[in-house]
Every structure is written in C-alpha cells, then in structure tokens.
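So this one's entry12.pdb, PDB, C-alpha atoms:
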```pdb
ATOM      1  CA  MET W   1     -15.937 -16.911  -5.517
ATOM      2  CA  ALA W   2     -14.822 -15.327  -8.768
ATOM      3  CA  ALA W   3     -12.734 -17.231 -11.262
ATOM      4  CA  PHE W   4     -10.008 -14.832 -12.389
ATOM      5  CA  ARG W   5      -8.408 -15.246 -15.805
ATOM      6  CA  ALA W   6      -4.880 -13.903 -15.499
ATOM      7  CA  ARG W   7      -1.934 -13.613 -17.918
ATOM      8  CA  ASN W   8      -1.400 -17.384 -18.052
ATOM      9  CA  ASN W   9      -4.988 -17.734 -19.303
ATOM     10  CA  LEU W  10      -5.819 -20.084 -16.455
ATOM     11  CA  SER W  11      -9.049 -19.632 -14.564
ATOM     12  CA  ILE W  12      -8.218 -19.293 -10.860
ATOM     13  CA  ALA W  13     -10.702 -19.108  -7.980
ATOM     14  CA  ILE W  14     -10.222 -15.834  -6.110
ATOM     15  CA  THR W  15     -10.948 -15.615  -2.389
ATOM     16  CA  THR W  16      -9.037 -12.457  -1.455
ATOM     17  CA  ILE W  17      -8.493  -8.926  -2.730
ATOM     18  CA  LEU W  18      -5.528  -6.873  -1.537
ATOM     19  CA  PHE W  19      -5.612  -3.089  -1.877
ATOM     20  CA  ASP W  20      -3.061  -0.322  -1.732
ATOM     21  CA  LEU W  21      -4.161   2.805   0.159
ATOM     22  CA  ASP W  22      -2.791   6.051  -1.296
ATOM     23  CA  ASN W  23      -3.972   6.963  -4.789
ATOM     24  CA  THR W  24      -5.888   3.691  -4.909
ATOM     25  CA  LEU W  25      -8.610   3.616  -2.254
ATOM     26  CA  ILE W  26      -8.150   7.297  -1.490
ATOM     27  CA  GLU W  27      -7.003   9.965  -3.935
ATOM     28  CA  THR W  28      -4.192  11.265  -1.764
ATOM     29  CA  ARG W  29      -2.344  13.368  -4.300
ATOM     30  CA  LYS W  30      -5.528  14.973  -5.617
ATOM     31  CA  GLY W  31      -6.871  15.524  -2.099
ATOM     32  CA  ASP W  32      -3.686  17.177  -0.860
ATOM     33  CA  ASN W  33      -3.619  19.470  -3.900
ATOM     34  CA  LEU W  34      -7.235  20.501  -3.335
ATOM     35  CA  THR W  35      -6.557  21.071   0.359
ATOM     36  CA  CYS W  36      -3.680  23.436  -0.319
ATOM     37  CA  ARG W  37      -5.609  25.265  -3.028
ATOM     38  CA  LYS W  38      -8.509  25.877  -0.649
ATOM     39  CA  LEU W  39      -6.179  26.827   2.186
ATOM     40  CA  ALA W  40      -4.337  29.342   0.005
ATOM     41  CA  ASP W  41      -7.653  31.100  -0.651
ATOM     42  CA  GLU W  42      -8.422  31.154   3.082
ATOM     43  CA  LEU W  43      -5.003  32.597   3.952
ATOM     44  CA  THR W  44      -5.772  35.487   1.649
ATOM     45  CA  GLN W  45      -9.398  35.961   2.684
ATOM     46  CA  GLN W  46      -8.973  35.559   6.451
ATOM     47  CA  TYR W  47      -5.467  36.815   7.141
ATOM     48  CA  GLY W  48      -4.878  39.272   4.312
ATOM     49  CA  ILE W  49      -1.864  37.405   2.952
ATOM     50  CA  PRO W  50      -1.392  38.325  -0.735
ATOM     51  CA  GLN W  51      -2.653  35.590  -3.064
ATOM     52  CA  GLU W  52       0.734  34.994  -4.651
ATOM     53  CA  ALA W  53       2.341  34.609  -1.222
ATOM     54  CA  SER W  54      -0.474  32.304  -0.048
ATOM     55  CA  CYS W  55       0.037  30.006  -3.033
ATOM     56  CA  LYS W  56       3.786  29.970  -2.463
ATOM     57  CA  ILE W  57       3.312  29.148   1.246
ATOM     58  CA  THR W  58       0.971  26.210   0.628
ATOM     59  CA  ALA W  59       3.115  24.898  -2.232
ATOM     60  CA  SER W  60       6.181  25.016   0.006
ATOM     61  CA  TYR W  61       4.370  23.175   2.774
ATOM     62  CA  LEU W  62       3.219  20.453   0.406
ATOM     63  CA  LYS W  63       6.785  20.025  -0.867
ATOM     64  CA  TYR W  64       8.157  19.706   2.689
ATOM     65  CA  PHE W  65       5.316  17.396   3.717
ATOM     66  CA  ARG W  66       5.661  15.013   0.781
ATOM     67  CA  LYS W  67       9.409  14.834   1.307
ATOM     68  CA  CYS W  68       8.998  13.877   4.989
ATOM     69  CA  PRO W  69       5.393  13.350   6.173
ATOM     70  CA  ASP W  70       6.486  12.062   9.582
ATOM     71  CA  ASN W  71       9.509  12.350  11.836
ATOM     72  CA  SER W  72       9.839   9.822  14.643
ATOM     73  CA  ALA W  73      11.670  12.373  16.783
ATOM     74  CA  PHE W  74       8.490  14.470  17.081
ATOM     75  CA  PRO W  75       4.777  13.854  17.683
ATOM     76  CA  LEU W  76       2.881  13.969  14.393
ATOM     77  CA  ASP W  77       1.111  17.265  15.159
ATOM     78  CA  ALA W  78       4.316  18.937  16.312
ATOM     79  CA  TRP W  79       6.199  17.857  13.192
ATOM     80  CA  ARG W  80       3.545  19.128  10.821
ATOM     81  CA  THR W  81       3.213  22.402  12.722
ATOM     82  CA  SER W  82       6.960  22.886  12.353
ATOM     83  CA  LEU W  83       6.643  22.370   8.598
ATOM     84  CA  TRP W  84       3.925  25.017   8.470
ATOM     85  CA  SER W  85       6.083  27.381  10.497
ATOM     86  CA  LYS W  86       8.873  26.884   7.968
ATOM     87  CA  ALA W  87       6.531  27.411   5.013
ATOM     88  CA  LEU W  88       4.883  30.502   6.524
ATOM     89  CA  GLY W  89       8.233  32.080   7.235
ATOM     90  CA  GLU W  90       9.145  34.681   9.829
ATOM     91  CA  LYS W  91       6.407  37.103   8.797
ATOM     92  CA  TYR W  92       3.476  34.692   9.163
ATOM     93  CA  GLY W  93       4.942  31.959  11.338
ATOM     94  CA  TYR W  94       2.716  32.928  14.272
ATOM     95  CA  LEU W  95      -0.199  31.395  12.326
ATOM     96  CA  ALA W  96       1.390  27.932  12.129
ATOM     97  CA  LYS W  97      -0.803  26.203  14.734
ATOM     98  CA  LYS W  98      -4.086  27.603  13.383
ATOM     99  CA  VAL W  99      -3.128  26.887   9.787
ATOM    100  CA  TYR W 100      -2.081  23.342  10.635
ATOM    101  CA  GLU W 101      -5.397  22.638  12.365
ATOM    102  CA  ARG W 102      -7.327  23.981   9.389
ATOM    103  CA  TRP W 103      -5.143  22.008   6.967
ATOM    104  CA  LEU W 104      -5.828  18.805   8.915
ATOM    105  CA  TYR W 105      -9.584  19.344   8.776
ATOM    106  CA  LEU W 106      -9.581  20.171   5.082
ATOM    107  CA  ARG W 107      -7.259  17.297   4.264
ATOM    108  CA  TYR W 108      -9.596  14.652   5.585
ATOM    109  CA  TYR W 109     -12.562  16.368   4.015
ATOM    110  CA  TYR W 110     -10.908  16.009   0.602
ATOM    111  CA  LEU W 111      -9.367  12.570   1.282
ATOM    112  CA  ALA W 112     -12.685  10.945   2.152
ATOM    113  CA  PRO W 113     -13.246   8.001  -0.210
ATOM    114  CA  ALA W 114     -15.824   8.614  -2.910
ATOM    115  CA  PRO W 115     -19.270   7.139  -2.142
ATOM    116  CA  GLU W 116     -18.940   4.635  -4.987
ATOM    117  CA  THR W 117     -15.647   3.405  -3.545
ATOM    118  CA  ILE W 118     -17.214   2.684  -0.159
ATOM    119  CA  SER W 119     -20.170   1.024  -1.874
ATOM    120  CA  MET W 120     -17.774  -1.200  -3.823
ATOM    121  CA  ILE W 121     -15.858  -2.220  -0.698
ATOM    122  CA  ARG W 122     -19.088  -3.140   1.069
ATOM    123  CA  GLN W 123     -20.180  -5.261  -1.880
ATOM    124  CA  LEU W 124     -16.817  -7.015  -2.132
ATOM    125  CA  ARG W 125     -16.755  -7.696   1.595
ATOM    126  CA  LYS W 126     -19.833  -9.914   1.226
ATOM    127  CA  THR W 127     -17.918 -12.304  -1.040
ATOM    128  CA  TYR W 128     -14.173 -11.849  -0.494
ATOM    129  CA  LEU W 129     -11.593 -11.439   2.224
ATOM    130  CA  LEU W 130     -10.154  -7.930   1.968
ATOM    131  CA  GLY W 131      -6.655  -6.794   2.869
ATOM    132  CA  LEU W 132      -4.969  -3.389   2.903
ATOM    133  CA  ILE W 133      -1.188  -3.174   2.401
ATOM    134  CA  THR W 134       0.391   0.270   2.478
ATOM    135  CA  ASN W 135       3.953   1.563   2.504
ATOM    136  CA  GLY W 136       4.745   4.600   4.616
ATOM    137  CA  PRO W 137       5.333   5.934   8.134
ATOM    138  CA  SER W 138       3.235   4.128  10.713
ATOM    139  CA  ASN W 139       1.711   7.137  12.494
ATOM    140  CA  ALA W 140       0.823   8.954   9.280
ATOM    141  CA  GLN W 141      -0.713   5.905   7.598
ATOM    142  CA  TRP W 142      -2.698   4.783  10.640
ATOM    143  CA  GLU W 143      -4.005   8.319  11.052
ATOM    144  CA  LYS W 144      -5.503   8.112   7.546
ATOM    145  CA  ILE W 145      -6.966   4.693   8.226
ATOM    146  CA  HIS W 146      -8.610   5.743  11.496
ATOM    147  CA  LYS W 147      -9.766   9.223  10.488
ATOM    148  CA  LEU W 148     -11.398   7.782   7.365
ATOM    149  CA  SER W 149     -12.820   4.805   9.333
ATOM    150  CA  LEU W 150     -11.324   2.332   6.876
ATOM    151  CA  GLN W 151     -10.420  -0.303   9.461
ATOM    152  CA  GLN W 152     -14.017  -1.547   9.566
ATOM    153  CA  TYR W 153     -13.815  -2.846   6.009
ATOM    154  CA  PHE W 154     -10.647  -4.954   6.095
ATOM    155  CA  ASP W 155      -9.771  -8.361   7.479
ATOM    156  CA  VAL W 156      -6.091  -7.407   7.696
ATOM    157  CA  ILE W 157      -4.239  -4.082   7.481
ATOM    158  CA  LEU W 158      -0.453  -3.970   7.135
ATOM    159  CA  VAL W 159       1.623  -0.772   7.294
ATOM    160  CA  SER W 160       5.183  -1.288   6.135
ATOM    161  CA  SER W 161       6.794   0.738   8.932
ATOM    162  CA  ASP W 162       5.333  -1.702  11.467
ATOM    163  CA  LEU W 163       7.118  -4.592   9.737
ATOM    164  CA  PRO W 164      10.613  -5.545   8.564
ATOM    165  CA  TRP W 165       9.534  -5.276   4.900
ATOM    166  CA  GLU W 166       7.723  -3.004   2.492
ATOM    167  CA  LYS W 167       6.261  -3.496  -0.963
ATOM    168  CA  PRO W 168       7.516  -4.893  -3.342
ATOM    169  CA  ASP W 169       9.154  -7.366  -0.931
ATOM    170  CA  PRO W 170       7.157 -10.595  -1.359
ATOM    171  CA  ARG W 171       7.266 -11.165   2.397
ATOM    172  CA  ILE W 172       4.784  -8.374   3.149
ATOM    173  CA  PHE W 173       2.312 -10.013   0.765
ATOM    174  CA  GLU W 174       3.047 -13.388   2.312
ATOM    175  CA  GLU W 175       2.365 -11.935   5.747
ATOM    176  CA  ALA W 176      -1.030 -10.688   4.589
ATOM    177  CA  CYS W 177      -1.816 -14.140   3.213
ATOM    178  CA  ARG W 178      -0.681 -15.765   6.464
ATOM    179  CA  CYS W 179      -2.926 -13.472   8.516
ATOM    180  CA  LEU W 180      -5.875 -14.262   6.285
ATOM    181  CA  GLY W 181      -5.187 -17.995   6.025
ATOM    182  CA  VAL W 182      -5.034 -17.953   2.227
ATOM    183  CA  ARG W 183      -2.485 -18.773  -0.454
ATOM    184  CA  PRO W 184      -1.032 -16.097  -2.760
ATOM    185  CA  GLU W 185      -2.466 -17.777  -5.842
ATOM    186  CA  SER W 186      -6.008 -17.109  -4.581
ATOM    187  CA  CYS W 187      -5.393 -13.337  -4.224
ATOM    188  CA  ILE W 188      -5.302 -10.319  -6.485
ATOM    189  CA  MET W 189      -3.634  -6.967  -5.802
ATOM    190  CA  ILE W 190      -4.817  -3.527  -6.907
ATOM    191  CA  GLY W 191      -2.613  -0.443  -6.641
ATOM    192  CA  ASP W 192      -1.177   2.597  -8.374
ATOM    193  CA  LYS W 193       2.557   1.856  -8.293
ATOM    194  CA  LEU W 194       4.117  -0.544 -10.778
ATOM    195  CA  GLU W 195       7.361  -0.743  -8.786
ATOM    196  CA  THR W 196       5.673  -1.742  -5.522
ATOM    197  CA  ASP W 197       2.082  -2.977  -5.868
ATOM    198  CA  ILE W 198       2.337  -4.662  -9.269
ATOM    199  CA  LEU W 199       5.930  -5.926  -9.068
ATOM    200  CA  GLY W 200       5.412  -7.285  -5.555
ATOM    201  CA  GLY W 201       2.187  -9.000  -6.544
ATOM    202  CA  ILE W 202       3.858 -10.661  -9.508
ATOM    203  CA  GLU W 203       6.931 -11.761  -7.577
ATOM    204  CA  VAL W 204       4.952 -13.371  -4.754
ATOM    205  CA  GLY W 205       2.798 -15.256  -7.250
ATOM    206  CA  LEU W 206      -0.598 -13.637  -6.830
ATOM    207  CA  ALA W 207      -3.323 -14.738  -9.228
ATOM    208  CA  GLY W 208      -3.369 -11.294 -10.782
ATOM    209  CA  THR W 209      -2.629  -7.600 -10.461
ATOM    210  CA  VAL W 210      -4.660  -4.504 -11.330
ATOM    211  CA  TRP W 211      -2.935  -1.178 -11.974
ATOM    212  CA  ILE W 212      -4.391   2.325 -11.552
ATOM    213  CA  PRO W 213      -2.044   4.691 -13.430
ATOM    214  CA  THR W 214      -1.408   8.128 -11.942
ATOM    215  CA  SER W 215      -0.738  11.309 -13.887
ATOM    216  CA  ASP W 216       2.983  10.757 -13.321
ATOM    217  CA  LYS W 217       2.973   7.368 -15.000
ATOM    218  CA  THR W 218       0.243   6.536 -17.483
ATOM    219  CA  ARG W 219       1.977   4.187 -19.933
ATOM    220  CA  LEU W 220       3.981   1.004 -19.585
ATOM    221  CA  SER W 221       7.550   0.858 -20.839
ATOM    222  CA  SER W 222       9.284  -2.306 -21.963
ATOM    223  CA  ASP W 223      11.063  -2.628 -18.605
ATOM    224  CA  ASP W 224       7.973  -2.200 -16.426
ATOM    225  CA  PRO W 225       6.269  -5.075 -14.595
ATOM    226  CA  LYS W 226       3.134  -5.984 -16.531
ATOM    227  CA  PRO W 227      -0.207  -5.866 -14.677
ATOM    228  CA  ASP W 228      -3.030  -8.156 -15.768
ATOM    229  CA  PHE W 229      -5.470  -5.246 -15.964
ATOM    230  CA  THR W 230      -5.215  -1.465 -16.118
ATOM    231  CA  VAL W 231      -8.122   0.691 -14.874
ATOM    232  CA  LYS W 232      -8.769   4.390 -14.410
ATOM    233  CA  HIS W 233     -10.499   4.084 -11.031
ATOM    234  CA  VAL W 234     -10.563   1.477  -8.296
ATOM    235  CA  THR W 235     -14.307   0.855  -8.774
ATOM    236  CA  GLU W 236     -13.611  -0.649 -12.206
ATOM    237  CA  LEU W 237     -12.472  -3.691 -10.256
ATOM    238  CA  LEU W 238     -16.163  -4.644 -10.088
ATOM    239  CA  THR W 239     -16.304  -4.899 -13.862
ATOM    240  CA  ILE W 240     -13.200  -7.078 -13.971
ATOM    241  CA  LEU W 241     -14.530  -9.459 -11.347
ATOM    242  CA  ASN W 242     -18.033  -9.626 -12.815
ATOM    243  CA  ARG W 243     -16.807 -10.518 -16.276
ATOM    244  CA  SER W 244     -14.461 -13.250 -15.034
ATOM    245  CA  PRO W 245     -15.710 -16.801 -15.709
ATOM    246  CA  GLY W 246     -17.952 -18.047 -12.918
ATOM    247  CA  ALA W 247     -17.822 -14.774 -10.998
ATOM    248  CA  PRO W 248     -20.691 -13.974  -8.629
ATOM    249  CA  GLU W 249     -22.678 -10.948  -9.724
ATOM    250  CA  LEU W 250     -21.712  -7.908  -7.661
ATOM    251  CA  GLU W 251     -23.818  -4.777  -7.742
ATOM    252  CA  ASP W 252     -21.922  -1.999  -9.516
ATOM    253  CA  SER W 253     -23.292   1.185  -7.945
ATOM    254  CA  SER W 254     -20.754   3.562  -9.441
ATOM    255  CA  SER W 255     -22.666   4.701 -12.508
ATOM    256  CA  ASN W 256     -24.665   7.510 -10.857
ATOM    257  CA  ALA W 257     -22.401   8.310  -7.941
ATOM    258  CA  SER W 258     -20.359  11.406  -7.246
ATOM    259  CA  ASP W 259     -16.702  11.419  -8.303
ATOM    260  CA  GLY W 260     -15.776  12.769  -4.862
ATOM    261  CA  SER W 261     -14.313  16.013  -6.198
TER     262      SER W 261
END
```
Could you write out this file's structure as structure tokens?
Amino acid sequence: MAAFRARNNLSIAITTILFDLDNTLIETRKGDNLTCRKLADELTQQYGIPQEASCKITASYLKYFRKCPDNSAFPLDAWRTSLWSKALGEKYGYLAKKVYERWLYLRYYYLAPAPETISMIRQLRKTYLLGLITNGPSNAQWEKIHKLSLQQYFDVILVSSDLPWEKPDPRIFEEACRCLGVRPESCIMIGDKLETDILGGIEVGLAGTVWIPTSDKTRLSSDDPKPDFTVKHVTELLTILNRSPGAPELEDSSSNASDGS
C-alpha cells in the first residue's frame, strides 16, 4: 500500500481511496453544457427552430434542471419531460418527449468517463479499496452510476439521499469506512468541492484530501479548508500516489489518452 505524506508530514499507509462523482470522476458540468450545445443545433436543423430560440430553450432547460434535477413527486422521466415542456414553451412544447429522449442519449454520451479515468480506476482497484460518496437525489445519482456502469469499480457506493447525512457531515465518511472495514486515517478523499469533499475529509480525520478545482472556484481563500494536494484532473492522483514514500508503482496510462471531449 502507498505511504501518503499529508499536511502533518507523517507517512501514513493508505488502503482506501474515496471519490466524489460529479465533476470528479465524470465531468458533469462540461458534459451537460456540451449536450445542450449539440441539442440546440439539432433543434434548429431537424425542427426548424431559429438558432437563437434553440439556444434559449436549451439554456432554460439546463437552468431548470440544475435547480431541481429530481422531484420525488414524479418519476424521473416525467419530471424531466415536464422541464423540457416548460423550456420549449407553448409553441414547441409538443416536442418535449422527443427532445427529452434525445437529451438523455446525448447526456450519457458526453458524461462517459474519459478512457484514462477508467484505466486509472482499474489500476487503483488492484491495490486499494475504492469508495464513491456523492451528494444528490437518489434516483438521479444512481441513474448516472448505472448508465455509466460505474458500480463495477467500487467496493462501496453511498448516495446522500439514501442516508441521514450528506457531505461534509463526517458520518457519511464514517459509514463508508464502516462498510469497507477500514479506519478514516487509512483513507484519502478526492473531490471538486472544498465545502463538502475537502472539509468533510478533514473533519473526519482522513489521511489526506485531494482537490480538483472547477472553473467556479480555482483559488483558495484564507477561510477555505486546505486540501493536501490540488490537481487539474482526477488522473493526477496516480502521480501523487506514485511519488509518496513506499508507494507501489501504478501504471499511469493517461499520457497518450483522449481528454474525453
């Protein structure tokens, strides 16, 4: 197992790696933007909707969707179709079902993890226990996990809506550790949100945290929780682990791989 040198400068044996899902393992924000951009073009090309109107429709949908991706009062498909109906408006609302189905296909095309990310997970799985901890609505998060076939790579998967807690509550991290039979001090956490992934990892006493900044937050302020490492892409985790004292050599296959865009 790797020996991880964290902020206290102590070398700690790592047995377990905990991952966030959105904008960490999968580029959710980027994928959803690409999906709506492509769909706007198709609305114009296939249905004759003016380009400006198509862009406004898809932007409106994305705004509604991000505000409320799931509604427990409705099946997932019905809820999303209703959001498309709202975005399309009275003039084009009759297209809501077809547009939703196309959006769903395109979304998972663009959300598919990059080849180098899958390669990294497979390499890590040979040496470490792997956990996935994600905040969000249960149906929406499990749909991502299943449609992208991510469940095969993880020893435990926790979705906050299935539990009484969400990140940064230390108890969700403790639950992952309990399921895996490990102690927090033998785990590291990698995620994109300082206020959930990094803060929660610090508060529960993980051996270390790794932060992937998003375009919304690229620099630390004095009040932010301080990660042990900051990386641009999840696959840089391989470099961190390989350079840690006593770490097993893991094949880094990212150098010639596609960026998934």
Sort by chain and increasing residue number a table of all residues of region 57-94 of chain W within 12 Å of region 104-118 of chain W, each with its closest pair of atoms and their distance in Å to one decimal, counting all atoms listed in the file, and write it as a Markdown table.
```
| residue | atom | partner | partner_atom | distance |
| --- | --- | --- | --- | --- |
| W:Leu62 | CA | W:Arg107 | CA | 11.6 |
| W:Leu76 | CA | W:Leu104 | CA | 11.4 |
| W:Asp77 | CA | W:Leu104 | CA | 9.5 |
| W:Arg80 | CA | W:Leu104 | CA | 9.6 |
| W:Thr81 | CA | W:Leu104 | CA | 10.4 |
| W:Trp84 | CA | W:Leu104 | CA | 11.6 |
```
Of the listed residues W:Asp228, W:Pro213, W:Leu158, W:Lys126, that which approaches Gly201 (chain W) most closely, counting all atoms listed in the file: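 Going through W:Asp228, W:Pro213, W:Leu158, W:Lys126 one by one, the smallest distance to Gly201 (chain W) is for W:Asp228.
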Spatial neighbours of Asp20 (chain W), 8 Å, only C-alpha atoms, chain gap at least 6 places, as a ChimeraX atom specification: /W:132-134,189-192,197
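Straight-line separation from CA of Pro227 (chain W) to CA of Pro170 (chain W): 15.9 Å.
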Contacts of Leu206 (chain W) at 10 Å (all atoms listed in the file; same-chain gap of 2+ positions) as a list in words: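 The contact residues come out as Ala6, Ile14, Leu18, Pro170, Phe173, Glu174, Arg183, Pro184, Glu185, Ser186, Cys187, Ile188, Met189, Ile198, Gly200, Gly201, Ile202, Glu203, Val204, Gly208 and Thr209 of chain W.
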Writing out the chosen residues with C-alpha atoms as a PDB file, in the frame of the given file:
```pdb
ATOM      1  CA  ALA W   6      -4.880 -13.903 -15.499  1.00  0.00           C
ATOM      2  CA  ILE W  14     -10.222 -15.834  -6.110  1.00  0.00           C
ATOM      3  CA  LEU W  18      -5.528  -6.873  -1.537  1.00  0.00           C
ATOM      4  CA  PRO W 170       7.157 -10.595  -1.359  1.00  0.00           C
ATOM      5  CA  PHE W 173       2.312 -10.013   0.765  1.00  0.00           C
ATOM      6  CA  GLU W 174       3.047 -13.388   2.312  1.00  0.00           C
ATOM      7  CA  ARG W 183      -2.485 -18.773  -0.454  1.00  0.00           C
ATOM      8  CA  PRO W 184      -1.032 -16.097  -2.760  1.00  0.00           C
ATOM      9  CA  GLU W 185      -2.466 -17.777  -5.842  1.00  0.00           C
ATOM     10  CA  SER W 186      -6.008 -17.109  -4.581  1.00  0.00           C
ATOM     11  CA  CYS W 187      -5.393 -13.337  -4.224  1.00  0.00           C
ATOM     12  CA  ILE W 188      -5.302 -10.319  -6.485  1.00  0.00           C
ATOM     13  CA  MET W 189      -3.634  -6.967  -5.802  1.00  0.00           C
ATOM     14  CA  ILE W 198       2.337  -4.662  -9.269  1.00  0.00           C
ATOM     15  CA  GLY W 200       5.412  -7.285  -5.555  1.00  0.00           C
ATOM     16  CA  GLY W 201       2.187  -9.000  -6.544  1.00  0.00           C
ATOM     17  CA  ILE W 202       3.858 -10.661  -9.508  1.00  0.00           C
ATOM     18  CA  GLU W 203       6.931 -11.761  -7.577  1.00  0.00           C
ATOM     19  CA  VAL W 204       4.952 -13.371  -4.754  1.00  0.00           C
ATOM     20  CA  GLY W 208      -3.369 -11.294 -10.782  1.00  0.00           C
ATOM     21  CA  THR W 209      -2.629  -7.600 -10.461  1.00  0.00           C
TER      22      THR W 209
END
```
Coordinates-based distance that separates CA of His233 (chain W) from CA of Cys177 (chain W) (Å, one decimal):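 Between these atoms lies a distance of 24.7 Å.
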Interatomic distance (Å, one decimal) between CA of Lys217 (chain W) and CA of Thr24 (chain W): 13.9 Å
Picked residues, the PyMOL selection byres ((chain W and resi 138) around 7), as JSON, numbers by chain: {"W": [136, 137, 139, 140, 141, 142, 159, 161, 162]}
Would you mind exporting C-alpha atoms of the selected residues as an mmCIF file, in the coordinates of the input?
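Here's the written file result_19.cif:
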```cif
data_model
loop_
_atom_site.group_PDB
_atom_site.id
_atom_site.type_symbol
_atom_site.label_atom_id
_atom_site.label_comp_id
_atom_site.auth_asym_id
_atom_site.auth_seq_id
_atom_site.Cartn_x
_atom_site.Cartn_y
_atom_site.Cartn_z
ATOM 1 C CA GLY W 136 4.745 4.600 4.616
ATOM 2 C CA PRO W 137 5.333 5.934 8.134
ATOM 3 C CA ASN W 139 1.711 7.137 12.494
ATOM 4 C CA ALA W 140 0.823 8.954 9.280
ATOM 5 C CA GLN W 141 -0.713 5.905 7.598
ATOM 6 C CA TRP W 142 -2.698 4.783 10.640
ATOM 7 C CA VAL W 159 1.623 -0.772 7.294
ATOM 8 C CA SER W 161 6.794 0.738 8.932
ATOM 9 C CA ASP W 162 5.333 -1.702 11.467
#
```
Residue nearest Ile157 (chain W) among W:Asn33, W:Val231, W:Asp224, W:Leu21 (counting all atoms listed in the file): W:Leu21
Long-range neighbours of Leu199 (chain W) as a list in words, 8 Å cut-off, all atoms listed in the file, 6 positions minimum in chain: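 That gives Pro168, Pro225 and Lys226 of chain W.
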Of the listed residues W:Ser222, W:Arg29, W:Thr196, W:Gly181, that which approaches Glu166 (chain W) most closely, counting only C-alpha atoms: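 Residue with the minimum atom-to-atom distance to Glu166 (chain W): W:Thr196.
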Shell around Leu83 (chain W) at 8 Å using all atoms listed in the file, local window under 5 positions removed, as an MDAnalysis selection string: chainID W and resid 61 64:65
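With only C-alpha atoms as the basis for measurement, W:Leu25 is the residue among W:Leu25, W:Leu95, W:Ala207, W:Ala13 that approaches Leu150 (chain W) most closely.
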Nearest residue to Glu175 (chain W) from the set W:Pro75, W:Gly131, W:Gly31, W:Pro50 (distances using all atoms listed in the file): W:Gly131
With all atoms listed in the file as the counted atoms, please give the residues lying no more than 7 Å from Leu129 (chain W), apart from itself and same-chain residues fewer than 6 positions off, as a compact mmCIF listing (two decimals) with C-alpha atoms, keeping the file's coordinate frame.
```txt
# COMPACT_ATOMS: atom_id res chain seq x y z
CA THR W 15 -10.95 -15.62 -2.39
CA THR W 16 -9.04 -12.46 -1.46
CA ILE W 17 -8.49 -8.93 -2.73
CA ASP W 155 -9.77 -8.36 7.48
```
From W:Gln46, W:Tyr94, W:Tyr100, W:Gly205, residue lying nearest Thr58 (chain W) [all atoms listed in the file]: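 With all atoms listed in the file as the atom set, the closest residue is W:Tyr100.
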